[in-house]
Amino acid sequence: MDRLSAMDAGFYFVEDENVPMHVGSVLIFDGPAPSYGDVIRLFVSKLPDVPRYRQRVRTLPLHLGRPVWVDDEHFQILYHVRHTAVPAPGGADQVRNLAGRLFAQRLDLTKPLWEVWLVEGLADGRWAIISKVHHCLIDGIAGTDLLQILLDWRKDPEPPGTEESVDLDPWLPEPAPSTMDLIADSLRDAVAAPIKHLAAVPALAREMRSGSELTDIVRALARSLPGTAHRLLETSAGSLNGSIGPHRRWVWAGAEIAEIKRIRKEFGGTVNDVILTAITRGFRDLLAGRGELTSDQVVRSLVPVSVRAPRERKTLNNRLSAILVNLPVGEDDPAARLRSIREQMDDLKRSRQAAGADVLTNLGNFAAPTLLALGSRTALRFPQRFLQTLTTNVPGPRVPLYMLGRPLRELYPYVPIASTMRIGVGVFSYLDHVTFGITADFDAVPDAQSLADGIRAGIDELLTAAGDSP
């Protein structure tokens, strides 16, 4: 049976009424909008390439085993592909408000864990797709792979089918396993899984660049402990932590990749360093607007890092590690903010922190499923002040994508928030653009737009410092 990994199961278990754990996006296309029937037929034609879209998660009594993927015997495409509109001509605010409401609604955990909404009525004849997929199914890179499966590389692809194809889909679900079958299989898995993972250790060792690489990782991590401890002790912005409710604000910002490369050329570092520096300005403006900004303040961010091997591309699961970065919001000088982030990122690369975190994460595959469920829920429900936000940067395709012959013009990401982190920032690049999707608790962050405006201001001030006009 196809079981969820420890990380995938963790994302599934932490969901509750205030923490919907799906990722999402708003895709904006040039018009005219296709018919709802055409979109339905398109998704039916793509389903054979995405088996997970017709499967649901089944858990075991008392979590005696990790959850498994089973075919949904009552799968109905009309439930998952929906149709709505904003009052024409719908502007950015109308689209963002609609998306915020949809993103706040939990997916039905008894069905396949995805939804898409066809949205008509946008200004200039445009239309949109709002997409939701549970985090137990994909991470950012897997989401990009999924996007390229569901959309087309060509403007004139093969037609998705006829009117009758919706009802003539030849797929037949596999019979659902009984509870006793699942329990028996889980007992076998409880014995076989640790052996399987231990057996993979020699293969992992062979993949190391040298026999001493694992030792080097451990030593680098040990050397990095003082720096990590120092980052955890710096003064952080307390109002960014607290309880969260079921509603979400969702806003966006944007920049050109050419702007970011111009800044990188002048000041050094990576594209990600520049993006984090712009986000730092956003949080700086947010805190200044609240009257809470101090000169020694930081916003501590979790930054996910993909550890997906090339052979794992187009596999729908989670292959993530993470690092901890302090965003120096108290620093006045934008160039100094960029330098601080660059130094931290360089130090983290030297320390191999992401590789070490991946090793620790994989230890979850040895945990008893009951403890895994309990630990996942406890970890994200236990109040903590060490982390204020999450910032995740996913590189997207640099070639045009199409749906039913209409070109995709813009894509804005949505990331979930959980625990006591009231704000998350997703970053996505497509063609020559970078977009920032900001998720915030509705009640605790009424000023989310100032963060979005501050990110754009952060790009502009770095361009000015580099000698360019924004």
# chains A, B, ... in the order shown; residues from 1 in each chain; ligands from 1
$ residues_around --residues "range 77-89 of chain A" --least-positions-apart "6" --cutoff "8 Å" --atoms "only C-alpha atoms" --output "PDB file with N, CA and C atoms, in the first residue's frame"
ATOM      1  N   TYR A  36     -17.022  26.566 -18.599  1.00  0.00           N
ATOM      2  CA  TYR A  36     -16.833  25.650 -17.469  1.00  0.00           C
ATOM      3  C   TYR A  36     -16.689  24.216 -17.971  1.00  0.00           C
ATOM      4  N   VAL A  39     -13.181  23.489 -19.157  1.00  0.00           N
ATOM      5  CA  VAL A  39     -12.235  23.310 -18.046  1.00  0.00           C
ATOM      6  C   VAL A  39     -12.413  21.937 -17.410  1.00  0.00           C
ATOM      7  N   ILE A  40     -13.658  21.515 -17.249  1.00  0.00           N
ATOM      8  CA  ILE A  40     -13.917  20.174 -16.715  1.00  0.00           C
ATOM      9  C   ILE A  40     -13.262  19.118 -17.595  1.00  0.00           C
ATOM     10  N   VAL A  44     -10.286  16.367 -16.689  1.00  0.00           N
ATOM     11  CA  VAL A  44     -10.495  14.931 -16.875  1.00  0.00           C
ATOM     12  C   VAL A  44      -9.379  14.341 -17.730  1.00  0.00           C
ATOM     13  N   VAL A  95     -10.209  40.154  -6.649  1.00  0.00           N
ATOM     14  CA  VAL A  95      -9.612  38.823  -6.795  1.00  0.00           C
ATOM     15  C   VAL A  95      -8.952  38.387  -5.496  1.00  0.00           C
ATOM     16  N   LEU A  98     -11.634  37.448  -2.853  1.00  0.00           N
ATOM     17  CA  LEU A  98     -12.215  36.144  -3.160  1.00  0.00           C
ATOM     18  C   LEU A  98     -11.238  35.033  -2.816  1.00  0.00           C
ATOM     19  N   TRP A 114      -7.833  18.398  -3.200  1.00  0.00           N
ATOM     20  CA  TRP A 114      -7.554  19.495  -4.123  1.00  0.00           C
ATOM     21  C   TRP A 114      -8.870  20.105  -4.597  1.00  0.00           C
ATOM     22  N   GLU A 115      -8.800  21.371  -4.997  1.00  0.00           N
ATOM     23  CA  GLU A 115      -9.903  22.088  -5.618  1.00  0.00           C
ATOM     24  C   GLU A 115      -9.331  23.105  -6.590  1.00  0.00           C
ATOM     25  N   VAL A 116     -10.047  23.390  -7.652  1.00  0.00           N
ATOM     26  CA  VAL A 116      -9.743  24.539  -8.499  1.00  0.00           C
ATOM     27  C   VAL A 116     -11.043  25.287  -8.771  1.00  0.00           C
ATOM     28  N   TRP A 117     -10.926  26.583  -8.904  1.00  0.00           N
ATOM     29  CA  TRP A 117     -12.067  27.450  -9.173  1.00  0.00           C
ATOM     30  C   TRP A 117     -11.788  28.247 -10.446  1.00  0.00           C
ATOM     31  N   LEU A 118     -12.694  28.144 -11.417  1.00  0.00           N
ATOM     32  CA  LEU A 118     -12.657  29.012 -12.592  1.00  0.00           C
ATOM     33  C   LEU A 118     -13.327  30.334 -12.208  1.00  0.00           C
ATOM     34  N   VAL A 119     -12.600  31.441 -12.364  1.00  0.00           N
ATOM     35  CA  VAL A 119     -13.104  32.758 -11.938  1.00  0.00           C
ATOM     36  C   VAL A 119     -13.197  33.663 -13.162  1.00  0.00           C
ATOM     37  N   GLU A 120     -14.402  34.118 -13.458  1.00  0.00           N
ATOM     38  CA  GLU A 120     -14.621  35.039 -14.561  1.00  0.00           C
ATOM     39  C   GLU A 120     -14.852  36.459 -14.032  1.00  0.00           C
ATOM     40  N   GLY A 121     -14.878  37.422 -14.958  1.00  0.00           N
ATOM     41  CA  GLY A 121     -15.229  38.789 -14.610  1.00  0.00           C
ATOM     42  C   GLY A 121     -14.072  39.721 -14.352  1.00  0.00           C
ATOM     43  N   LEU A 122     -12.827  39.271 -14.577  1.00  0.00           N
ATOM     44  CA  LEU A 122     -11.684  40.145 -14.320  1.00  0.00           C
ATOM     45  C   LEU A 122     -11.612  41.255 -15.370  1.00  0.00           C
ATOM     46  N   ALA A 123     -10.967  42.351 -14.995  1.00  0.00           N
ATOM     47  CA  ALA A 123     -10.803  43.476 -15.914  1.00  0.00           C
ATOM     48  C   ALA A 123      -9.990  43.061 -17.137  1.00  0.00           C
ATOM     49  N   ASP A 124     -10.156  43.801 -18.215  1.00  0.00           N
ATOM     50  CA  ASP A 124      -9.430  43.588 -19.473  1.00  0.00           C
ATOM     51  C   ASP A 124      -9.711  42.223 -20.084  1.00  0.00           C
TER      52      ASP A 124
END
$ residues_around --residues "range 248-264 of chain A" --least-positions-apart "3" --cutoff "9 Å" --atoms "only C-alpha atoms" --output "count of residues only"
51
$ atom_distance --atom1 "CA of Asp49 in chain A" --atom2 "CA of Leu27 in chain A"
20.5 Å
$ closest_residue --among "A:Met1, A:Ile141, A:Val305, A:Ala128" --to "Ala176 in chain A" --atoms "only C-alpha atoms"
A:Met1
$ select_by_dssp --residues "range 63-122 of chain A" --states "strand (DSSP E)" --output "number ranges by chain"
A: 68-71, 81-90, 114-122
$ residues_around --residues "Gly291 in chain A" --least-positions-apart "4" --cutoff "12 Å" --atoms "only C-alpha atoms" --output "short mmCIF file (atom, residue, chain, number, x, y, z; two decimals) with C-alpha atoms, in the first residue's frame"
data_model
loop_
_atom_site.label_atom_id
_atom_site.label_comp_id
_atom_site.auth_asym_id
_atom_site.auth_seq_id
_atom_site.Cartn_x
_atom_site.Cartn_y
_atom_site.Cartn_z
CA ALA A 237 9.16 41.31 16.97
CA SER A 239 3.47 41.17 17.93
CA ARG A 284 10.22 46.93 8.76
CA ASP A 285 7.39 49.07 7.38
CA LEU A 286 4.78 46.85 9.06
CA LEU A 287 6.40 47.21 12.48
#
$ closest_atom_pairs --of "range 124-178 of chain A" --to "range 397-406 of chain A" --cutoff "10 Å" --atoms "only C-alpha atoms" --output "JSON lines"
{"residue": "A:Arg126", "atom": "CA", "partner": "A:Arg406", "partner_atom": "CA", "distance": 9.7}
{"residue": "A:Trp127", "atom": "CA", "partner": "A:Arg406", "partner_atom": "CA", "distance": 9.7}
{"residue": "A:Ile129", "atom": "CA", "partner": "A:Met403", "partner_atom": "CA", "distance": 9.9}
{"residue": "A:Thr144", "atom": "CA", "partner": "A:Pro397", "partner_atom": "CA", "distance": 7.8}
{"residue": "A:Asp145", "atom": "CA", "partner": "A:Pro397", "partner_atom": "CA", "distance": 9.3}
{"residue": "A:Leu147", "atom": "CA", "partner": "A:Leu401", "partner_atom": "CA", "distance": 9.1}
{"residue": "A:Gln148", "atom": "CA", "partner": "A:Leu401", "partner_atom": "CA", "distance": 7.7}
{"residue": "A:Leu150", "atom": "CA", "partner": "A:Met403", "partner_atom": "CA", "distance": 8.3}
{"residue": "A:Leu151", "atom": "CA", "partner": "A:Met403", "partner_atom": "CA", "distance": 5.4}
{"residue": "A:Asp152", "atom": "CA", "partner": "A:Tyr402", "partner_atom": "CA", "distance": 5.0}
{"residue": "A:Trp153", "atom": "CA", "partner": "A:Leu401", "partner_atom": "CA", "distance": 5.2}
{"residue": "A:Arg154", "atom": "CA", "partner": "A:Tyr402", "partner_atom": "CA", "distance": 6.6}
{"residue": "A:Lys155", "atom": "CA", "partner": "A:Gly405", "partner_atom": "CA", "distance": 4.6}
{"residue": "A:Asp156", "atom": "CA", "partner": "A:Gly405", "partner_atom": "CA", "distance": 5.5}
{"residue": "A:Pro157", "atom": "CA", "partner": "A:Gly405", "partner_atom": "CA", "distance": 7.2}
{"residue": "A:Glu158", "atom": "CA", "partner": "A:Leu404", "partner_atom": "CA", "distance": 9.2}
{"residue": "A:Pro159", "atom": "CA", "partner": "A:Leu404", "partner_atom": "CA", "distance": 8.0}
{"residue": "A:Pro160", "atom": "CA", "partner": "A:Leu404", "partner_atom": "CA", "distance": 8.5}
$ write_last_selection --atoms "N, CA and C atoms" --output "PDB file, in the first residue's frame"
ATOM      1  N   ARG A 126      -9.765  39.371 -18.751  1.00  0.00           N
ATOM      2  CA  ARG A 126      -8.986  38.254 -18.201  1.00  0.00           C
ATOM      3  C   ARG A 126      -9.855  37.344 -17.336  1.00  0.00           C
ATOM      4  N   TRP A 127      -9.285  36.213 -16.965  1.00  0.00           N
ATOM      5  CA  TRP A 127      -9.946  35.257 -16.083  1.00  0.00           C
ATOM      6  C   TRP A 127      -8.883  34.578 -15.242  1.00  0.00           C
ATOM      7  N   ILE A 129      -7.703  31.136 -12.442  1.00  0.00           N
ATOM      8  CA  ILE A 129      -7.872  29.846 -11.783  1.00  0.00           C
ATOM      9  C   ILE A 129      -7.318  29.988 -10.367  1.00  0.00           C
ATOM     10  N   THR A 144       5.342  23.047  -8.582  1.00  0.00           N
ATOM     11  CA  THR A 144       5.758  23.531  -9.899  1.00  0.00           C
ATOM     12  C   THR A 144       5.674  22.416 -10.935  1.00  0.00           C
ATOM     13  N   ASP A 145       6.104  21.208 -10.546  1.00  0.00           N
ATOM     14  CA  ASP A 145       5.983  20.066 -11.457  1.00  0.00           C
ATOM     15  C   ASP A 145       4.523  19.796 -11.798  1.00  0.00           C
ATOM     16  N   LEU A 147       2.078  21.953 -11.766  1.00  0.00           N
ATOM     17  CA  LEU A 147       1.611  23.038 -12.636  1.00  0.00           C
ATOM     18  C   LEU A 147       1.926  22.745 -14.095  1.00  0.00           C
ATOM     19  N   GLN A 148       3.117  22.209 -14.343  1.00  0.00           N
ATOM     20  CA  GLN A 148       3.534  21.954 -15.710  1.00  0.00           C
ATOM     21  C   GLN A 148       2.870  20.709 -16.299  1.00  0.00           C
ATOM     22  N   LEU A 150      -0.479  20.074 -15.498  1.00  0.00           N
ATOM     23  CA  LEU A 150      -1.862  20.497 -15.711  1.00  0.00           C
ATOM     24  C   LEU A 150      -1.995  21.543 -16.814  1.00  0.00           C
ATOM     25  N   LEU A 151      -0.938  22.337 -17.028  1.00  0.00           N
ATOM     26  CA  LEU A 151      -0.968  23.335 -18.093  1.00  0.00           C
ATOM     27  C   LEU A 151      -0.211  22.810 -19.317  1.00  0.00           C
ATOM     28  N   ASP A 152      -0.230  23.584 -20.381  1.00  0.00           N
ATOM     29  CA  ASP A 152       0.369  23.149 -21.643  1.00  0.00           C
ATOM     30  C   ASP A 152       1.560  24.022 -21.999  1.00  0.00           C
ATOM     31  N   TRP A 153       2.530  23.416 -22.687  1.00  0.00           N
ATOM     32  CA  TRP A 153       3.689  24.147 -23.185  1.00  0.00           C
ATOM     33  C   TRP A 153       3.384  24.821 -24.518  1.00  0.00           C
ATOM     34  N   ARG A 154       2.342  24.340 -25.190  1.00  0.00           N
ATOM     35  CA  ARG A 154       2.013  24.859 -26.522  1.00  0.00           C
ATOM     36  C   ARG A 154       0.718  25.663 -26.470  1.00  0.00           C
ATOM     37  N   LYS A 155       0.626  26.636 -27.343  1.00  0.00           N
ATOM     38  CA  LYS A 155      -0.584  27.451 -27.389  1.00  0.00           C
ATOM     39  C   LYS A 155      -1.743  26.683 -27.993  1.00  0.00           C
ATOM     40  N   ASP A 156      -1.448  25.739 -28.870  1.00  0.00           N
ATOM     41  CA  ASP A 156      -2.493  24.979 -29.541  1.00  0.00           C
ATOM     42  C   ASP A 156      -2.319  23.493 -29.252  1.00  0.00           C
ATOM     43  N   PRO A 157      -2.680  23.072 -28.036  1.00  0.00           N
ATOM     44  CA  PRO A 157      -2.517  21.650 -27.691  1.00  0.00           C
ATOM     45  C   PRO A 157      -3.634  20.815 -28.298  1.00  0.00           C
ATOM     46  N   GLU A 158      -3.521  19.507 -28.104  1.00  0.00           N
ATOM     47  CA  GLU A 158      -4.598  18.625 -28.530  1.00  0.00           C
ATOM     48  C   GLU A 158      -5.863  18.956 -27.729  1.00  0.00           C
ATOM     49  N   PRO A 159      -7.045  18.948 -28.353  1.00  0.00           N
ATOM     50  CA  PRO A 159      -8.270  19.240 -27.615  1.00  0.00           C
ATOM     51  C   PRO A 159      -8.491  18.218 -26.508  1.00  0.00           C
ATOM     52  N   PRO A 160      -9.041  18.653 -25.349  1.00  0.00           N
ATOM     53  CA  PRO A 160      -9.174  17.744 -24.206  1.00  0.00           C
ATOM     54  C   PRO A 160     -10.229  16.673 -24.356  1.00  0.00           C
TER      55      PRO A 160
END
$ decode --residues "range 171-186 of chain A" --atoms "all heavy atoms" --output "compact mmCIF listing (two decimals), in the first residue's frame"
# COMPACT_ATOMS: atom_id res chain seq x y z
N TRP A 171 -11.57 5.27 -16.09
CA TRP A 171 -10.93 4.95 -14.81
C TRP A 171 -11.87 4.18 -13.90
O TRP A 171 -13.04 4.53 -13.73
CB TRP A 171 -10.49 6.23 -14.13
CG TRP A 171 -9.84 6.02 -12.78
CD1 TRP A 171 -8.58 5.59 -12.54
CD2 TRP A 171 -10.44 6.25 -11.50
NE1 TRP A 171 -8.34 5.52 -11.19
CE2 TRP A 171 -9.48 5.93 -10.53
CE3 TRP A 171 -11.70 6.69 -11.10
CZ2 TRP A 171 -9.73 6.04 -9.16
CZ3 TRP A 171 -11.96 6.79 -9.73
CH2 TRP A 171 -10.98 6.46 -8.78
N LEU A 172 -11.36 3.12 -13.29
CA LEU A 172 -12.11 2.35 -12.30
C LEU A 172 -11.29 2.32 -11.01
O LEU A 172 -10.12 1.93 -11.03
CB LEU A 172 -12.38 0.92 -12.80
CG LEU A 172 -13.32 0.79 -14.00
CD1 LEU A 172 -13.38 -0.67 -14.45
CD2 LEU A 172 -14.72 1.30 -13.64
N PRO A 173 -11.88 2.69 -9.88
CA PRO A 173 -11.12 2.71 -8.63
C PRO A 173 -10.79 1.30 -8.15
O PRO A 173 -11.55 0.35 -8.37
CB PRO A 173 -12.06 3.42 -7.66
CG PRO A 173 -13.43 3.16 -8.20
CD PRO A 173 -13.28 3.13 -9.69
N GLU A 174 -9.64 1.21 -7.50
CA GLU A 174 -9.31 -0.04 -6.83
C GLU A 174 -10.22 -0.22 -5.62
O GLU A 174 -10.56 0.75 -4.94
CB GLU A 174 -7.85 -0.02 -6.37
CG GLU A 174 -6.83 -0.02 -7.50
CD GLU A 174 -6.77 -1.36 -8.20
OE1 GLU A 174 -7.07 -2.39 -7.54
OE2 GLU A 174 -6.45 -1.39 -9.40
N PRO A 175 -10.65 -1.44 -5.33
CA PRO A 175 -11.51 -1.66 -4.15
C PRO A 175 -10.82 -1.17 -2.88
O PRO A 175 -9.61 -1.35 -2.70
CB PRO A 175 -11.71 -3.18 -4.13
CG PRO A 175 -11.44 -3.62 -5.53
CD PRO A 175 -10.40 -2.69 -6.06
N ALA A 176 -11.60 -0.57 -2.00
CA ALA A 176 -11.03 -0.03 -0.76
C ALA A 176 -10.60 -1.18 0.14
O ALA A 176 -11.33 -2.16 0.32
CB ALA A 176 -12.07 0.83 -0.05
N PRO A 177 -9.40 -1.09 0.72
CA PRO A 177 -8.96 -2.15 1.64
C PRO A 177 -9.78 -2.10 2.93
O PRO A 177 -10.25 -1.04 3.35
CB PRO A 177 -7.49 -1.80 1.90
CG PRO A 177 -7.41 -0.33 1.64
CD PRO A 177 -8.40 -0.03 0.56
N SER A 178 -9.97 -3.24 3.54
CA SER A 178 -10.69 -3.29 4.82
C SER A 178 -9.80 -2.76 5.94
O SER A 178 -8.56 -2.67 5.80
CB SER A 178 -11.11 -4.72 5.13
OG SER A 178 -9.96 -5.51 5.42
N THR A 179 -10.42 -2.43 7.04
CA THR A 179 -9.66 -1.94 8.20
C THR A 179 -8.67 -3.01 8.67
O THR A 179 -7.52 -2.70 9.01
CB THR A 179 -10.60 -1.54 9.34
OG1 THR A 179 -11.46 -0.49 8.89
CG2 THR A 179 -9.82 -1.06 10.56
N MET A 180 -9.08 -4.27 8.67
CA MET A 180 -8.19 -5.35 9.11
C MET A 180 -7.01 -5.49 8.15
O MET A 180 -5.88 -5.73 8.59
CB MET A 180 -8.95 -6.67 9.21
CG MET A 180 -9.95 -6.72 10.35
SD MET A 180 -9.21 -6.29 11.96
CE MET A 180 -7.98 -7.58 12.11
N ASP A 181 -7.27 -5.33 6.84
CA ASP A 181 -6.16 -5.38 5.89
C ASP A 181 -5.16 -4.26 6.15
O ASP A 181 -3.94 -4.46 6.07
CB ASP A 181 -6.69 -5.27 4.46
CG ASP A 181 -7.39 -6.54 3.99
OD1 ASP A 181 -7.14 -7.59 4.59
OD2 ASP A 181 -8.19 -6.44 3.04
N LEU A 182 -5.69 -3.06 6.43
CA LEU A 182 -4.81 -1.92 6.70
C LEU A 182 -3.99 -2.15 7.96
O LEU A 182 -2.79 -1.85 8.00
CB LEU A 182 -5.64 -0.64 6.84
CG LEU A 182 -6.26 -0.09 5.56
CD1 LEU A 182 -7.16 1.10 5.89
CD2 LEU A 182 -5.18 0.34 4.58
N ILE A 183 -4.62 -2.68 9.00
CA ILE A 183 -3.90 -2.93 10.25
C ILE A 183 -2.82 -3.99 10.04
O ILE A 183 -1.67 -3.84 10.50
CB ILE A 183 -4.88 -3.35 11.35
CG1 ILE A 183 -5.78 -2.16 11.73
CG2 ILE A 183 -4.12 -3.85 12.58
CD1 ILE A 183 -6.86 -2.51 12.73
N ALA A 184 -3.18 -5.07 9.32
CA ALA A 184 -2.18 -6.12 9.07
C ALA A 184 -1.01 -5.57 8.26
O ALA A 184 0.16 -5.87 8.55
CB ALA A 184 -2.84 -7.28 8.34
N ASP A 185 -1.32 -4.75 7.24
CA ASP A 185 -0.26 -4.17 6.44
C ASP A 185 0.59 -3.21 7.26
O ASP A 185 1.81 -3.13 7.08
CB ASP A 185 -0.85 -3.45 5.23
CG ASP A 185 0.21 -2.96 4.27
OD1 ASP A 185 0.76 -3.79 3.53
OD2 ASP A 185 0.48 -1.74 4.27
N SER A 186 -0.03 -2.49 8.18
CA SER A 186 0.71 -1.55 9.03
C SER A 186 1.67 -2.29 9.95
O SER A 186 2.78 -1.81 10.22
CB SER A 186 -0.26 -0.70 9.86
OG SER A 186 -1.04 0.12 9.02
